[in-house]
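Visitor: One file is attached below, run08.txt, containing compact mmCIF, C-alpha atoms and all ligand atoms.
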```txt
# COMPACT_ATOMS: atom_id res chain seq x y z
CA VAL C 6 -65.72 -11.20 -87.08
CA ARG C 7 -65.05 -8.68 -89.77
CA ILE C 8 -61.89 -7.22 -88.28
CA ALA C 9 -59.27 -9.52 -89.70
CA GLY C 10 -55.82 -9.88 -88.24
CA ALA C 11 -54.40 -8.28 -91.36
CA ALA C 12 -56.28 -5.04 -90.71
CA ALA C 13 -54.97 -4.87 -87.18
CA VAL C 14 -51.41 -5.42 -88.35
CA THR C 15 -51.73 -2.62 -90.90
CA VAL C 16 -52.80 -0.22 -88.19
CA LEU C 17 -50.02 -1.29 -85.87
CA GLU C 18 -47.50 -0.53 -88.59
CA GLY C 19 -48.49 3.09 -88.22
CA LEU C 20 -50.63 3.80 -91.28
CA ASP C 21 -52.01 7.33 -91.10
CA ILE C 22 -55.56 6.87 -89.88
CA SER C 23 -56.78 9.85 -91.91
CA SER C 24 -55.53 8.33 -95.16
CA GLY C 25 -58.18 7.03 -97.54
CA ALA C 26 -56.22 3.81 -97.94
CA THR C 27 -56.80 2.86 -94.30
CA PRO C 28 -59.13 -0.08 -93.73
CA ALA C 29 -62.54 1.02 -92.41
CA GLY C 30 -62.06 -0.76 -89.09
CA SER C 31 -59.00 1.29 -88.26
CA ARG C 32 -61.18 4.40 -87.85
CA HIS C 33 -62.64 2.79 -84.74
CA VAL C 34 -62.05 4.75 -81.55
CA VAL C 35 -63.22 4.49 -77.96
CA VAL C 36 -63.77 7.12 -75.29
CA ALA C 37 -61.94 6.37 -72.03
CA LEU C 38 -62.75 8.24 -68.82
CA GLN C 39 -61.10 8.27 -65.45
CA VAL C 40 -63.23 9.72 -62.68
CA GLY C 41 -61.19 10.98 -59.74
CA ALA C 42 -62.12 12.75 -56.52
CA ALA C 43 -60.97 16.12 -57.90
CA SER C 44 -61.04 15.79 -61.67
CA ILE C 45 -62.34 13.74 -64.56
CA ARG C 46 -60.00 12.93 -67.42
CA ALA C 47 -61.13 11.67 -70.77
CA ALA C 48 -59.38 10.55 -73.94
CA LEU C 49 -60.23 9.42 -77.42
CA VAL C 50 -58.13 6.30 -78.01
CA ASP C 51 -57.60 4.60 -81.34
CA ARG C 52 -56.87 0.99 -82.19
CA SER C 53 -53.13 1.45 -81.94
CA ALA C 54 -53.35 2.80 -78.37
CA VAL C 55 -52.80 6.41 -79.36
CA GLN C 56 -54.66 9.13 -77.47
CA LEU C 57 -56.00 11.28 -80.31
CA ALA C 58 -57.62 13.86 -78.05
CA VAL C 59 -57.88 14.52 -74.33
CA GLU C 60 -60.34 16.45 -72.22
CA ALA C 61 -60.53 17.17 -68.51
CA GLY C 62 -63.03 18.66 -66.14
CA MET C 63 -63.54 19.23 -62.44
CA THR C 64 -65.39 16.52 -60.51
CA PRO C 65 -68.60 18.12 -59.18
CA GLN C 66 -68.68 17.90 -55.38
CA THR C 67 -72.42 18.46 -55.16
CA ASN C 68 -74.48 15.36 -55.94
CA THR C 69 -74.74 12.23 -58.06
CA PRO C 70 -76.84 13.73 -60.90
CA ASP C 71 -74.29 16.56 -61.36
CA LEU C 72 -71.48 14.04 -61.46
CA LEU C 73 -73.27 11.85 -64.01
CA GLU C 74 -73.95 14.94 -66.10
CA ALA C 75 -70.28 15.98 -66.03
CA ILE C 76 -69.15 12.50 -67.13
CA ALA C 77 -71.74 12.30 -69.91
CA LEU C 78 -70.86 15.79 -71.18
CA LEU C 79 -67.13 15.03 -71.41
CA ALA C 80 -67.79 11.73 -73.17
CA GLY C 81 -70.32 13.34 -75.48
CA ARG C 82 -67.88 16.07 -76.46
CA LEU C 83 -65.23 13.53 -77.46
CA ILE C 84 -67.76 11.41 -79.33
CA ALA C 85 -68.87 14.47 -81.30
CA GLN C 86 -65.25 15.38 -82.03
CA ALA C 87 -64.55 11.86 -83.27
CA CYS C 88 -67.57 11.87 -85.57
CA GLY C 89 -66.59 15.30 -86.89
CA GLU C 90 -63.21 13.90 -87.89
CA GLY C 91 -64.63 10.88 -89.66
CA LEU C 92 -63.76 8.47 -86.88
CA VAL C 93 -66.14 5.81 -85.62
CA PRO C 94 -66.70 5.72 -81.83
CA VAL C 95 -67.52 2.13 -80.88
CA GLY C 96 -67.52 2.16 -77.10
CA VAL C 97 -66.96 3.97 -73.83
CA GLY C 98 -64.93 2.86 -70.81
CA VAL C 99 -65.12 4.46 -67.38
CA ALA C 100 -62.64 3.90 -64.54
CA VAL C 101 -63.99 4.74 -61.09
CA PRO C 102 -62.39 4.48 -57.65
CA GLY C 103 -64.13 2.56 -54.89
CA ILE C 104 -65.98 -0.73 -54.94
CA VAL C 105 -67.23 -1.52 -58.40
CA ASP C 106 -69.32 -4.44 -59.62
CA GLU C 107 -67.99 -4.68 -63.14
CA GLU C 108 -70.31 -7.50 -64.14
CA LEU C 109 -73.46 -5.59 -63.20
CA GLY C 110 -72.04 -2.21 -64.15
CA LEU C 111 -72.62 -0.75 -60.68
CA VAL C 112 -70.59 1.60 -58.53
CA ARG C 113 -71.25 -0.04 -55.18
CA ARG C 114 -69.46 2.45 -52.99
CA SER C 115 -67.12 5.28 -53.74
CA ALA C 116 -66.33 7.24 -50.59
CA ASN C 117 -64.73 10.21 -52.33
CA LEU C 118 -67.46 10.47 -54.91
CA VAL C 119 -70.35 9.81 -52.50
CA TRP C 120 -71.84 7.14 -54.75
CA LYS C 121 -73.89 4.23 -53.53
CA ASP C 122 -75.18 1.54 -55.89
CA VAL C 123 -75.24 3.74 -58.98
CA ALA C 124 -76.00 1.87 -62.23
CA LEU C 125 -73.41 3.94 -64.05
CA ARG C 126 -72.99 1.61 -67.02
CA GLN C 127 -76.68 1.57 -67.95
CA ILE C 128 -77.16 5.30 -67.34
CA LEU C 129 -74.28 6.19 -69.65
CA ALA C 130 -75.20 3.58 -72.26
CA ASP C 131 -78.73 5.04 -72.48
CA ARG C 132 -77.38 8.55 -72.73
CA LEU C 133 -74.48 7.96 -75.14
CA ARG C 134 -76.01 5.11 -77.16
CA LEU C 135 -72.77 3.13 -77.20
CA PRO C 136 -71.63 0.04 -75.31
CA VAL C 137 -70.22 1.16 -71.97
CA VAL C 138 -67.84 -0.73 -69.69
CA LEU C 139 -67.21 0.16 -66.07
CA GLU C 140 -64.01 -0.77 -64.25
CA GLN C 141 -62.54 -0.11 -60.83
CA ASP C 142 -59.64 2.30 -61.40
CA ALA C 143 -56.80 0.26 -59.87
CA ARG C 144 -57.86 -2.75 -61.92
CA ALA C 145 -58.04 -0.56 -65.02
CA GLY C 146 -54.56 0.75 -64.25
CA ALA C 147 -53.25 -2.78 -63.77
CA ARG C 148 -54.78 -3.75 -67.11
CA GLY C 149 -53.10 -0.77 -68.78
CA GLU C 150 -49.71 -1.69 -67.33
CA ALA C 151 -50.24 -5.35 -68.27
CA LEU C 152 -50.93 -4.45 -71.89
CA LEU C 153 -48.65 -1.49 -72.52
CA GLY C 154 -46.45 -0.85 -69.51
CA ALA C 155 -44.26 -2.41 -66.86
CA GLY C 156 -46.29 -5.62 -66.68
CA ARG C 157 -46.10 -6.54 -70.35
CA TYR C 158 -43.71 -9.42 -69.87
CA ALA C 159 -44.93 -10.65 -66.50
CA PRO C 160 -48.04 -12.82 -66.50
CA ASP C 161 -48.53 -12.34 -62.74
CA PHE C 162 -47.90 -9.15 -60.81
CA LEU C 163 -49.18 -6.93 -58.04
CA PHE C 164 -50.09 -3.35 -58.98
CA MET C 165 -50.11 -0.73 -56.23
CA VAL C 166 -51.15 2.89 -56.56
CA VAL C 167 -50.12 5.14 -53.68
CA GLY C 168 -51.64 8.59 -53.44
CA ASP C 169 -54.45 9.86 -51.24
CA GLY C 170 -55.26 6.22 -50.59
CA ILE C 171 -53.82 2.90 -51.67
CA GLY C 172 -55.38 1.28 -54.70
CA SER C 173 -54.15 -2.09 -55.77
CA ALA C 174 -54.92 -5.01 -58.01
CA VAL C 175 -53.65 -8.49 -58.67
CA VAL C 176 -52.94 -9.54 -62.24
CA LEU C 177 -52.88 -13.26 -62.99
CA ASP C 178 -52.23 -14.63 -66.47
CA GLY C 179 -52.32 -11.06 -67.76
CA HIS C 180 -55.75 -10.23 -66.35
CA PRO C 181 -56.71 -8.21 -63.25
CA ARG C 182 -58.74 -10.37 -60.87
CA THR C 183 -62.02 -9.10 -59.53
CA GLY C 184 -62.76 -11.49 -56.68
CA VAL C 185 -66.15 -12.54 -55.39
CA HIS C 186 -66.88 -9.14 -53.81
CA GLY C 187 -64.99 -6.95 -56.25
CA VAL C 188 -62.12 -6.27 -53.85
CA ALA C 189 -59.48 -8.81 -54.87
CA GLY C 190 -55.96 -7.51 -54.30
CA GLU C 191 -56.94 -4.61 -52.01
CA VAL C 192 -53.78 -4.99 -49.98
CA GLY C 193 -53.97 -1.44 -48.60
CA HIS C 194 -56.59 -2.69 -46.17
CA ILE C 195 -54.55 -5.50 -44.71
CA ARG C 196 -54.06 -4.73 -40.99
CA VAL C 197 -50.41 -4.05 -40.37
CA ARG C 198 -50.73 -2.52 -36.87
CA GLU C 199 -52.93 -3.96 -34.16
CA ASP C 200 -53.02 -0.61 -32.33
CA GLY C 201 -53.33 1.44 -35.52
CA LEU C 202 -55.67 4.28 -36.42
CA PRO C 203 -59.23 3.77 -37.70
CA CYS C 204 -59.45 3.45 -41.48
CA GLY C 205 -62.13 4.62 -43.92
CA CYS C 206 -62.89 0.97 -44.70
CA GLY C 207 -64.24 0.38 -41.18
CA GLY C 208 -61.17 -1.44 -39.93
CA HIS C 209 -58.14 -0.09 -38.13
CA GLY C 210 -54.39 -0.28 -38.51
CA CYS C 211 -54.65 -0.78 -42.29
CA ALA C 212 -51.55 -0.08 -44.40
CA GLU C 213 -53.51 2.83 -45.87
CA THR C 214 -53.60 4.58 -42.49
CA LEU C 215 -49.79 4.63 -42.40
CA ALA C 216 -48.83 5.06 -46.01
CA THR C 217 -50.93 7.94 -47.29
CA GLY C 218 -51.17 11.65 -46.68
CA ASP C 219 -48.45 14.03 -47.77
CA LEU C 220 -45.66 11.51 -48.35
CA THR C 221 -44.54 13.49 -51.38
CA GLY C 222 -43.78 16.41 -49.06
CA VAL C 223 -42.03 14.06 -46.66
CA ALA C 224 -39.83 12.71 -49.47
CA GLU C 225 -38.92 16.28 -50.48
CA ILE C 226 -37.84 17.11 -46.93
CA LEU C 227 -35.67 13.97 -46.89
CA ASP C 228 -34.18 14.88 -50.28
CA ASP C 229 -33.31 18.38 -49.05
CA GLY C 230 -31.82 17.00 -45.85
CA ALA C 231 -32.89 20.28 -44.19
CA GLY C 232 -34.64 20.96 -40.88
CA GLY C 233 -37.42 18.59 -39.85
CA ALA C 234 -35.60 15.70 -41.46
CA SER C 235 -35.66 13.49 -38.39
CA ALA C 236 -39.44 13.74 -37.99
CA ALA C 237 -39.76 13.11 -41.72
CA THR C 238 -37.54 10.04 -41.41
CA VAL C 239 -39.91 8.51 -38.87
CA VAL C 240 -43.02 9.23 -40.98
CA TRP C 241 -41.36 7.82 -44.08
CA ARG C 242 -40.08 4.72 -42.30
CA ASP C 243 -43.51 3.98 -40.82
CA ALA C 244 -45.15 4.45 -44.21
CA MET C 245 -42.67 2.15 -45.94
CA ALA C 246 -43.04 -0.44 -43.19
CA GLY C 247 -46.82 -0.37 -43.63
CA LEU C 248 -46.62 -0.63 -47.40
CA ALA C 249 -44.01 -3.39 -47.28
CA SER C 250 -45.97 -5.42 -44.73
CA SER C 251 -49.11 -5.47 -46.85
CA MET C 252 -47.08 -6.05 -49.99
CA ALA C 253 -45.18 -8.93 -48.41
CA ALA C 254 -48.46 -10.67 -47.54
CA ALA C 255 -49.61 -10.42 -51.15
CA VAL C 256 -46.26 -11.55 -52.54
CA ALA C 257 -46.23 -14.54 -50.19
CA VAL C 258 -49.63 -15.61 -51.54
CA LEU C 259 -48.91 -14.93 -55.20
CA ASP C 260 -45.20 -15.84 -55.42
CA CYS C 261 -45.04 -13.20 -58.16
CA SER C 262 -41.78 -11.81 -59.50
CA LEU C 263 -42.99 -8.24 -60.05
CA VAL C 264 -44.70 -5.40 -58.20
CA VAL C 265 -45.60 -2.33 -60.26
CA LEU C 266 -45.86 0.95 -58.35
CA GLY C 267 -48.06 3.76 -59.61
CA GLY C 268 -49.82 6.84 -58.31
CA ARG C 269 -48.69 10.26 -57.13
CA LEU C 270 -46.00 9.00 -54.76
CA ALA C 271 -44.44 6.80 -57.43
CA THR C 272 -44.36 9.77 -59.80
CA SER C 273 -42.87 12.22 -57.30
CA ALA C 274 -40.58 10.04 -55.20
CA GLY C 275 -40.11 7.06 -57.51
CA GLU C 276 -36.52 6.04 -56.91
CA ARG C 277 -36.65 6.71 -53.17
CA LEU C 278 -39.86 4.69 -52.94
CA VAL C 279 -38.38 1.73 -54.83
CA ARG C 280 -35.18 1.75 -52.75
CA SER C 281 -37.00 1.98 -49.42
CA LEU C 282 -39.51 -0.71 -50.30
CA GLN C 283 -36.83 -3.03 -51.61
CA THR C 284 -35.11 -2.92 -48.22
CA GLU C 285 -38.29 -3.23 -46.16
CA LEU C 286 -39.70 -5.98 -48.35
CA GLY C 287 -36.48 -7.98 -48.29
CA ALA C 288 -36.61 -7.93 -44.50
CA ARG C 289 -40.15 -9.33 -44.47
CA LEU C 290 -39.90 -12.21 -46.94
CA SER C 291 -38.21 -15.48 -46.19
CA LEU C 292 -39.39 -18.33 -48.40
CA VAL C 293 -40.41 -16.20 -51.40
CA PRO C 294 -37.62 -14.28 -53.15
CA PRO C 295 -38.24 -10.49 -53.14
CA PRO C 296 -39.96 -9.43 -56.34
CA ASP C 297 -38.66 -6.88 -58.78
CA LEU C 298 -40.13 -3.43 -58.00
CA GLN C 299 -40.84 -1.25 -61.02
CA LEU C 300 -42.47 2.12 -61.48
CA ALA C 301 -45.59 2.20 -63.64
CA ARG C 302 -44.60 3.12 -67.20
CA LEU C 303 -47.86 4.71 -68.22
CA GLY C 304 -47.89 7.07 -65.24
CA ASP C 305 -51.31 8.55 -64.68
CA ALA C 306 -52.53 7.28 -68.07
CA ALA C 307 -52.58 3.63 -66.94
CA SER C 308 -56.25 3.58 -65.95
CA LEU C 309 -57.32 5.43 -69.08
CA MET C 310 -55.50 3.01 -71.36
CA GLY C 311 -56.69 -0.01 -69.39
CA VAL C 312 -60.31 1.00 -69.56
CA ALA C 313 -59.88 1.93 -73.24
CA SER C 314 -58.82 -1.64 -73.97
CA SER C 315 -61.87 -2.90 -72.06
CA ALA C 316 -64.07 -0.57 -74.11
CA PHE C 317 -62.79 -2.12 -77.35
CA GLU C 318 -63.57 -5.51 -75.87
CA ALA C 319 -67.09 -4.40 -74.89
CA ALA C 320 -67.55 -3.18 -78.45
CA GLY C 321 -66.88 -6.71 -79.71
CA LEU C 322 -63.28 -6.02 -80.72
CA PRO C 323 -61.19 -8.06 -78.25
CA ALA C 324 -58.41 -8.47 -80.83
CA VAL C 325 -57.52 -4.79 -80.44
CA ALA C 326 -56.32 -5.12 -76.85
CA LYS C 327 -54.56 -8.40 -77.61
CA ALA C 328 -52.61 -6.61 -80.33
CA TRP C 329 -51.55 -3.87 -77.87
CA ARG C 330 -49.34 -6.36 -76.07
CA THR C 331 -47.20 -6.65 -79.19
CA LEU C 332 -47.04 -2.94 -80.07
CA ALA C 333 -43.43 -1.97 -80.64
CA ARG C 334 -43.76 1.45 -79.07
CA PRO C 335 -46.67 1.71 -76.67
CA ALA C 336 -48.34 5.07 -76.19
ZN ZN C 401 -58.77 0.01 -44.32
```
What's the structure tokens form of this structure?

Guide:
Amino acid sequence: VRIAGAAAVTVLEGLDISSGATPAGSRHVVVALQVGAASIRAALVDRSAVQLAVEAGMTPQTNTPDLLEAIALLAGRLIAQACGEGLVPVGVGVAVPGIVDEELGLVRRSANLVWKDVALRQILADRLRLPVVLEQDARAGARGEALLGAGRYAPDFLFMVVGDGIGSAVVLDGHPRTGVHGVAGEVGHIRVREDGLPCGCGGHGCAETLATGDLTGVAEILDDGAGGASAATVVWRDAMAGLASSMAAAVAVLDCSLVVLGGRLATSAGERLVRSLQTELGARLSLVPPPDLQLARLGDAASLMGVASSAFEAAGLPAVAKAWRTLARPA
């Protein structure tokens, strides 16, 4: 391996990457993409976890070829920009919601994106001529938080993203677990109500059926204390009960000391969410002490940074992500 530890340390100390004195390896960058139901975000990330450039585009709602084209165009634009600035793109990482087979590089199922068994990794690798890594977005987010965020000092934690749905991942020994079927840690689909509503997963009464929708709006009504507050109280309480029930099951299995909360609800109603869950969780755990609940530190950049670290790894530079854990001031 040509990238010596010394080179990595130099970069971490903040040497200007445009300076001629910088070691060649420090010009390495990766393109990280996060494909969401509404938009695609992309960033050029350097070895010291800095986003040098960002791009965004709408997610085409038409068909798979249009979606692939949109992803490839965004990535291609950042690759061209990097080359124009004398940087060296070494890999591409893509975070996708749904069921993802990371080993085979397949998007198995992605309800929002209407994908079924798409060989995304190979398609993009052929098009972009760089190593490509594919990762399920909650796992990518968990990896980002493990390396640079709230999970840096906890080897084991549960990561939960609450927004339109519930995404979640289990991190053990610093690494998100995939599971045999690629759905390890999907606690949002634990049944918490026998008589609950049907869920998109095919089951019913899942935590996701209680704890999604416009909870941000509900939290705002509660904050205002204005009219409609009593109905909002019931919706919020049911949502927190659903979240806490699924979370308690995971915590009982893992005996972890930390749960990291991300996603739109954590961003908009963070403190209220933490307080409510602390109470509900405490009431549901007996043998296991309630874990510390923390808001994701990277916000909506967690998946991008997680998949960026995986892209460095796919490019044969695993030392880069390892060094991120010791960065003094993460991006
Ligand atoms: Zn479900």

Visitor: Counting all atoms listed in the file, which residues in range 222-248 of chain C sit no more than 9 Å from range 204-214 of chain C? For each one, give the nearest pair of atoms and the distance in Å, sorted by chain then residue number, as a Markdown table.

Guide:
```
| residue | atom | partner | partner_atom | distance |
| --- | --- | --- | --- | --- |
| C:Ala244 | CA | C:Ala212 | CA | 7.8 |
| C:Ala246 | CA | C:Ala212 | CA | 8.6 |
| C:Gly247 | CA | C:Ala212 | CA | 4.8 |
| C:Leu248 | CA | C:Ala212 | CA | 5.8 |
```

Visitor: Range 178-181 of chain C: which residues within 6 Å, counting all atoms listed in the file, same-chain residues fewer than 5 positions away excluded, as number ranges by chain?

Guide: C: 144, 160-161

Visitor: Each residue of range 25-63 of chain C with at least one atom at most 12 Å from range 166-176 of chain C should appear once, together with its nearest atom pair and the corresponding distance in Å (one decimal); atoms considered: all atoms listed in the file; ordering: chain, then increasing residue number; output as a tab-separated table.

Guide:
```
residue	atom	partner	partner_atom	distance
C:Gly41	CA	C:Asp169	CA	10.9
C:Ala42	CA	C:Asp169	CA	9.7
C:Ala43	CA	C:Asp169	CA	11.2
```

Visitor: Choose the residue, out of C:Gly149, C:Gly81, C:Pro94, C:Pro296, that has the smallest atom-to-atom separation from Arg132 in chain C; count all atoms listed in the file.

Guide: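 Smallest separation from Arg132 in chain C among the options: C:Gly81.
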
Visitor: Env of range 273-281 of chain C: 7 Å cut, atoms = all atoms listed in the file, seq-sep filter 5 positions within chain, self excluded. Answer as a list of chain:residue names.

Guide: C:Thr221, C:Ala224, C:Met245, C:Leu298, C:Leu300

Visitor: Is it possible to get the residues within 10 Å of (-54.3, -3.0, -64.7) (coordinates as in the file, counting all atoms listed in the file) written as a ChimeraX atom specification?

Guide: /C:140-154,156,162-165,173-176,179-182,265,307-312

Visitor: Please determine the residues with any atom at most 12 Å from (-65.6, 15.2, -76.4) (coordinates as given in the file, with all atoms listed in the file counting) and report them as number ranges by chain.

Guide: C: 35-38, 46-50, 57-62, 75-90, 94, 97, 133

Visitor: Any chance you could export the current selection's C-alpha atoms as an mmCIF file, in the frame of the given file?

Guide:
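What follows is the written file again_7.cif:
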```cif
data_model
loop_
_atom_site.group_PDB
_atom_site.id
_atom_site.type_symbol
_atom_site.label_atom_id
_atom_site.label_comp_id
_atom_site.auth_asym_id
_atom_site.auth_seq_id
_atom_site.Cartn_x
_atom_site.Cartn_y
_atom_site.Cartn_z
ATOM 1 C CA VAL C 35 -63.220 4.490 -77.960
ATOM 2 C CA VAL C 36 -63.770 7.120 -75.290
ATOM 3 C CA ALA C 37 -61.940 6.370 -72.030
ATOM 4 C CA LEU C 38 -62.750 8.240 -68.820
ATOM 5 C CA ARG C 46 -60.000 12.930 -67.420
ATOM 6 C CA ALA C 47 -61.130 11.670 -70.770
ATOM 7 C CA ALA C 48 -59.380 10.550 -73.940
ATOM 8 C CA LEU C 49 -60.230 9.420 -77.420
ATOM 9 C CA VAL C 50 -58.130 6.300 -78.010
ATOM 10 C CA LEU C 57 -56.000 11.280 -80.310
ATOM 11 C CA ALA C 58 -57.620 13.860 -78.050
ATOM 12 C CA VAL C 59 -57.880 14.520 -74.330
ATOM 13 C CA GLU C 60 -60.340 16.450 -72.220
ATOM 14 C CA ALA C 61 -60.530 17.170 -68.510
ATOM 15 C CA GLY C 62 -63.030 18.660 -66.140
ATOM 16 C CA ALA C 75 -70.280 15.980 -66.030
ATOM 17 C CA ILE C 76 -69.150 12.500 -67.130
ATOM 18 C CA ALA C 77 -71.740 12.300 -69.910
ATOM 19 C CA LEU C 78 -70.860 15.790 -71.180
ATOM 20 C CA LEU C 79 -67.130 15.030 -71.410
ATOM 21 C CA ALA C 80 -67.790 11.730 -73.170
ATOM 22 C CA GLY C 81 -70.320 13.340 -75.480
ATOM 23 C CA ARG C 82 -67.880 16.070 -76.460
ATOM 24 C CA LEU C 83 -65.230 13.530 -77.460
ATOM 25 C CA ILE C 84 -67.760 11.410 -79.330
ATOM 26 C CA ALA C 85 -68.870 14.470 -81.300
ATOM 27 C CA GLN C 86 -65.250 15.380 -82.030
ATOM 28 C CA ALA C 87 -64.550 11.860 -83.270
ATOM 29 C CA CYS C 88 -67.570 11.870 -85.570
ATOM 30 C CA GLY C 89 -66.590 15.300 -86.890
ATOM 31 C CA GLU C 90 -63.210 13.900 -87.890
ATOM 32 C CA PRO C 94 -66.700 5.720 -81.830
ATOM 33 C CA VAL C 97 -66.960 3.970 -73.830
ATOM 34 C CA LEU C 133 -74.480 7.960 -75.140
#
```

Visitor: Missing atoms in range 81-95 of chain C should be modelled up to N, CA, C and O atoms and reported as a short mmCIF file (atom, residue, chain, number, x, y, z; two decimals), in the frame of the given file.

Guide:
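Output (result.cif):
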```cif
data_model
loop_
_atom_site.label_atom_id
_atom_site.label_comp_id
_atom_site.auth_asym_id
_atom_site.auth_seq_id
_atom_site.Cartn_x
_atom_site.Cartn_y
_atom_site.Cartn_z
N GLY C 81 -69.58 12.89 -74.31
CA GLY C 81 -70.32 13.34 -75.48
C GLY C 81 -69.50 14.28 -76.35
O GLY C 81 -69.54 14.20 -77.58
N ARG C 82 -68.71 15.13 -75.70
CA ARG C 82 -67.88 16.07 -76.46
C ARG C 82 -66.85 15.33 -77.30
O ARG C 82 -66.61 15.65 -78.46
N LEU C 83 -66.24 14.29 -76.71
CA LEU C 83 -65.23 13.53 -77.46
C LEU C 83 -65.87 12.69 -78.57
O LEU C 83 -65.29 12.51 -79.64
N ILE C 84 -67.06 12.18 -78.30
CA ILE C 84 -67.76 11.41 -79.33
C ILE C 84 -68.07 12.32 -80.52
O ILE C 84 -67.86 11.96 -81.68
N ALA C 85 -68.54 13.52 -80.22
CA ALA C 85 -68.87 14.47 -81.30
C ALA C 85 -67.61 14.84 -82.08
O ALA C 85 -67.63 14.91 -83.32
N GLN C 86 -66.51 15.04 -81.35
CA GLN C 86 -65.25 15.38 -82.03
C GLN C 86 -64.81 14.26 -82.96
O GLN C 86 -64.39 14.49 -84.09
N ALA C 87 -64.94 13.02 -82.46
CA ALA C 87 -64.55 11.86 -83.27
C ALA C 87 -65.37 11.80 -84.55
O ALA C 87 -64.84 11.64 -85.65
N CYS C 88 -66.68 11.95 -84.40
CA CYS C 88 -67.57 11.87 -85.57
C CYS C 88 -67.23 12.97 -86.56
O CYS C 88 -67.21 12.75 -87.77
N GLY C 89 -66.93 14.16 -86.03
CA GLY C 89 -66.59 15.30 -86.89
C GLY C 89 -65.33 15.05 -87.70
O GLY C 89 -65.13 15.62 -88.76
N GLU C 90 -64.46 14.18 -87.20
CA GLU C 90 -63.21 13.90 -87.89
C GLU C 90 -63.26 12.61 -88.69
O GLU C 90 -62.24 12.08 -89.11
N GLY C 91 -64.47 12.08 -88.85
CA GLY C 91 -64.63 10.88 -89.66
C GLY C 91 -64.24 9.60 -88.96
O GLY C 91 -64.07 8.56 -89.57
N LEU C 92 -64.07 9.67 -87.65
CA LEU C 92 -63.76 8.47 -86.88
C LEU C 92 -65.06 7.80 -86.44
O LEU C 92 -66.12 8.42 -86.48
N VAL C 93 -64.95 6.56 -86.00
CA VAL C 93 -66.14 5.81 -85.62
C VAL C 93 -66.06 5.39 -84.15
O VAL C 93 -65.38 4.41 -83.83
N PRO C 94 -66.71 6.12 -83.25
CA PRO C 94 -66.70 5.72 -81.83
C PRO C 94 -67.48 4.41 -81.67
O PRO C 94 -68.61 4.31 -82.15
N VAL C 95 -66.86 3.43 -81.02
CA VAL C 95 -67.52 2.13 -80.88
C VAL C 95 -67.83 1.76 -79.43
O VAL C 95 -68.57 0.82 -79.18
#
```
